[in-house]
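J.: The structure's right below; bear with me while I get my questions together.
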Amino acid sequence: MRIPILQLDRILLVSIQVDLTDNDAMQFQSDLVERVAAIEALGVAIDITALDVVDSYMARVINDTANMVRLLGAEVVICGIQPFVALTLIEMGRGLLGADCAFNLGQALEMLKGRIAKRGDTRFVGDEDV
Amino acid sequence: MSEPLDPECLPIRSTLDVVTARHAARELCERLGFGKADQTRLATAVSELARNVIQYAGEGRCLIEDGSDDRQRCIRVRIEDQGPGIRDLQQALTDGYSTSGGLGAGLPGTRRLVDEFQIESAPGSTRVTIALIKRR
């Protein structure tokens, strides 16, 4: 099972729609990192609305992926964490998920665009005249 | 309420079985009338424990049963394996401790998610029993 990675200008959108096995998760991680490097993405939004369980392993995969993407030079926002997933993650232990978060994909995109503009990246070709 | 359901026994041999086990736990949890928060807690706890089985023992099994009676609703999950066992239980239950390079949130984190948590471990046999309990 491969997670589709959508491209919107220099931003990548990923929506995890299925319960991932560990192998799927590792595949996703390397696919995304490769793609970020290939198009020199400026931002990545990872939507996990459909995940109804995020255990410590999955949290680590998401965290690691976000950090890898940042190391390459892109901004990253996680979005759509379910309320009960948030509750469970915090009960299990603090710091399991450290990346920046947004309610939904729309908000994540706004955050990404704002940050990309702020860091003065002129490579971004947005839908408005930036 | 209906009669308690027969326990369900699931093999844990691959990470796909981890997904199956947590689905089964969530399903029974929902059927017994636990709320969404408890369903997520239990599913996550089962996921953590089943993952430990794969990681440390290679394989094992997961028993999910309805332990409800007149006074309380109860879902109990037992996860066991014949792996090397946990050498230092005290340490394994300490936040931040990990022998595998993980975050060390697994066992202590799991314990915080459930109402009952029992663990027995010796070389050749590890058994963790967790339960969610709600008074009627």
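We label chains A, B, ... in the order they appear in the structure tokens, count residues from 1 in each chain, and number ligands from 1 in the order shown.
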Name the residues in contact with stretch 50-55 of chain A at a cut-off of 9 Å, using only C-alpha atoms, excluding same-chain residues fewer than 2 positions from it; report them as a ChimeraX atom specification.

T.: /A:15-20,47-48,57-60,80-82,84-86,88-89,92 /B:22,40-41,43-45,47-48,106

J.: Within 12 Å of A:Gly93, counting only C-alpha atoms, which residues show up once you throw out same-chain ones fewer than 5 positions away? Write them as a PyMOL selection string, please.

T.: (chain A and resi 55-56+59+86-88+98) or (chain B and resi 94-96+103-113)

J.: Could you tell me, as a PyMOL selection string, which residues of stretch 34-109 of chain A DSSP assigns to strand (DSSP E or B) when given the backbone?

T.: chain A and resi 43-47+75-79+101-102

J.: Save the residues we just selected, C-alpha atoms, as a short mmCIF file (atom, residue, chain, number, x, y, z; two decimals), in the first residue's frame?

T.:
```cif
data_model
loop_
_atom_site.label_atom_id
_atom_site.label_comp_id
_atom_site.auth_asym_id
_atom_site.auth_seq_id
_atom_site.Cartn_x
_atom_site.Cartn_y
_atom_site.Cartn_z
CA GLY A 43 6.41 22.85 2.24
CA VAL A 44 4.72 19.59 3.13
CA ALA A 45 1.30 19.06 4.70
CA ILE A 46 0.62 15.65 6.19
CA ASP A 47 -3.05 14.95 6.84
CA GLU A 75 8.42 23.50 6.11
CA VAL A 76 6.06 20.88 7.45
CA VAL A 77 2.66 20.88 9.13
CA ILE A 78 0.68 17.89 10.38
CA CYS A 79 -3.08 18.26 10.26
CA CYS A 101 -0.17 20.98 13.75
CA ALA A 102 -3.29 22.43 12.18
#
```

J.: Which polymer residues have any atom within 10 Å of an atom of B:Arg87, counting only C-alpha atoms, with same-chain residues fewer than 4 positions away left out, as a PDB file with C-alpha atoms, in the first residue's frame?

T.:
```
ATOM      1  CA  GLN B  91      13.003  -0.651  34.326  1.00  0.00           C
ATOM      2  CA  ALA B  92      10.747  -1.578  31.412  1.00  0.00           C
ATOM      3  CA  SER B 121       7.497 -12.111  32.445  1.00  0.00           C
ATOM      4  CA  ALA B 122      10.113 -14.834  32.583  1.00  0.00           C
ATOM      5  CA  PRO B 123      12.414 -16.248  29.938  1.00  0.00           C
TER       6      PRO B 123
END
```

J.: Applying 10 Å and only C-alpha atoms, which residues near B:Glu116 remain after dropping the ones on its own chain fewer than 2 positions away? List them as a PyMOL selection string.

T.: chain B and resi 76+111-114+118+129-133

J.: Which value, in Å to one decimal, gives the distance between atom CA of B:Glu80 and atom CA of A:Leu97?

T.: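 Between these atoms lies a distance of 28.5 Å.
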